[in-house]
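Take a look at the structure below.
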Amino acid sequence: MAIIINIDVMMAKRKISLGALAERVQITPANLSILKNGKAKAIRFSTLEAICRELDCQPGDIIEYRPDTEE
Amino acid sequence: MQNKKIYLQRLLVIYITFFVILVGGFVWDIIPNLTQGIEEGTRVGNEMASDYEQVSPKAHYLFWNIPIEQSDSFTIPTQVENREIVGQISTLSFSVKEPAEERSILHMAFAAIGNSPLIYALMIGSALCFPVIVVLLFFIIRSVRRSLREELPVGKNNAWLLRAIAALTILTELLGQLGMWLMNSKAAEILAGSGYVVKTGFQFNISTLVMGILLLFAAEMFEIGRELGEEQKLTI
């Protein structure tokens with residue numbers, strides 16, 4: 001997929017673990033792990049809002065567009 | 001899972017109904033026909049063997065439910081005064097016995113239906129599809145019940161099982177009707193000049209074909225629903 005999630009970079013900057021972020025954002029660690037590993041198919045705005053609030057960042061800091069090579 | 005009990009109960013009702021229909025069909029339809037077929041087959045086989053032993057081999061073959069387009073009408077006697085009953089034959093079953101000097105006993109055995117091993121193979125092939133469909137249906141019902149009990153997603157292979165049942169349903173109809181068409185054509189040759197005119201057109205049972213297509217559609221719906229469900233699960 002061309003959309004890359006760079007949430008681990010922001011998590012390292014803010015020194016917050018996966019479990020702690022999951023609790024604050026109110027999603028399961030398993031779902032946050034799916035997001036972090038790039039296996040998610042879609043993200044709700046409410047979830048994105050919560051992540052940006054807890055990591056104190058912009059959506060562009062954690063979401064990146066990288067075109068597929070065949071394009 | 002919400003409503004798990006209701007879904008399990010519904011599946012159980014379908015399971016039991018299916019089982020009752022199978023057993024009922026077996027007892028009231030398949031066993032009597034099978035018994036009659038075995039008796040008829042044994043009788044014909046014994047006659048063929050006896051003729052073969054007497055060095056005058058004869059081919060015996062059967063035709064059944066041949067549709068008759070045109071036949072002479074006849075009066076049926078009645079005990080009620082001033083009532084007249086006129087009958088006409090619309091289907092005919094008959095057996096043929098004729099010399100078969102140059103055929104092996106095996107060839108004669110497999111040509112017992114319509115004087116053609118191909119017709120025999122088509123009829124047996126059509127009949128064998130049905131138990132396979134029943135077994136596949138049991139697999140699907142068992143898989144869905146297990147998924148409900150263990151609260152796991154329904155397996156991907158159920159779509160393929162449904163597609164297989166759809167294909168077998170259509171195949172059963174096509175093989176059976178092809179066999180009947182060949183048998184009717186042969187019967188028309190044998191009955192030529194007898195006063196019985198056979199309907200030789202190819203006939204489809206449209207409802208069976210529509211059922212096969214509906215099952216294919218159900219398989220696609222199942223697979224699409226499953227894919228959408230998977231995507232929904234991966235929406236964070």
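The chains in the structure tokens are called A, B, ... from first to last as shown; in each chain the residues are counted from 1, and the ligands are counted from 1 in the order shown.
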* Check every residue of chain B for an atom within 9 Å of chain A, counting only C-alpha atoms, and provide those that qualify as a list in words. =>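 Close to chain A, chain B has Glu231, Gln232, Lys233, Leu234, Thr235 and Ile236 of chain B.
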* Asked: Which polymer residues have any atom within 9 Å of an atom of region 100-114 of chain B, counting only C-alpha atoms, with same-chain residues fewer than 6 positions away left out, as an MDAnalysis selection string?
  -> chainID B and resid 41 44:45 48:49 52 56:64 120:121 123 182:184 186:187
* To do: Give me the residues within 8 Å of Ile63 (chain A) as a PyMOL selection string, counting only C-alpha atoms and dropping any in the same chain fewer than 2 places off.
  => chain A and resi 3-7+59-61+65
* To do: May I ask for the distance between CA of Leu162 (chain B) and CA of Thr17 (chain B), given in Å to one decimal place?
  =>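 Computed distance, CA of Leu162 (chain B) to CA of Thr17 (chain B), equals 19.1 Å.
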* Using DSSP on the backbone coordinates, identify the residues of region 15-63 of chain A assigned to alpha helix (DSSP H); present them as JSON, numbers by chain. => {"A": [18, 19, 20, 21, 22, 23, 24, 25, 29, 30, 31, 32, 33, 34, 35, 36, 45, 46, 47, 48, 49, 50, 51, 52, 53, 54, 55, 59, 60, 61, 62]}
* To do: Figure out the distance between CA of Ala30 (chain A) and CA of Gln58 (chain A), please, to one decimal in Å.
  =>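 Atom-to-atom, CA of Gln58 (chain A) and CA of Ala30 (chain A) are spaced 23.1 Å apart.
If you count only C-alpha atoms and ignore residues fewer than 4 places along the chain from region 196-201 of chain B, what sits within 7 Å of it is Pro67, Ile68, Glu69, Gln70, Ser71, Trp181, Asn184, Ser185, Ala188 and Leu191 of chain B.
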Mind dumping the selected residues with C-alpha atoms as a PDB file, in the first residue's frame?
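Dumped everything to again.pdb:
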ATOM      1  CA  PRO B  67     -41.980 -38.889 -23.883  1.00  0.00           C
ATOM      2  CA  ILE B  68     -44.500 -39.667 -26.600  1.00  0.00           C
ATOM      3  CA  GLU B  69     -45.593 -36.822 -28.834  1.00  0.00           C
ATOM      4  CA  GLN B  70     -48.219 -38.678 -30.729  1.00  0.00           C
ATOM      5  CA  SER B  71     -49.967 -41.972 -30.185  1.00  0.00           C
ATOM      6  CA  TRP B 181     -32.015 -36.964 -25.041  1.00  0.00           C
ATOM      7  CA  ASN B 184     -35.159 -40.627 -26.597  1.00  0.00           C
ATOM      8  CA  SER B 185     -33.324 -40.459 -29.939  1.00  0.00           C
ATOM      9  CA  ALA B 188     -37.420 -42.932 -31.738  1.00  0.00           C
ATOM     10  CA  LEU B 191     -40.312 -47.204 -32.387  1.00  0.00           C
TER      11      LEU B 191
END
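Atom pair CA of Ile119 (chain B) / CA of Gly179 (chain B) has a distance of 5.0 Å (rounded to one decimal).
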* To do: Quick one: everything within 10 Å of Ala127 (chain B), counting only C-alpha atoms, minus sequence neighbours fewer than 4 positions away in the same chain. Send it as JSON, numbers by chain.
  => {"B": [121, 122, 123, 131, 132, 172, 173, 175, 176]}
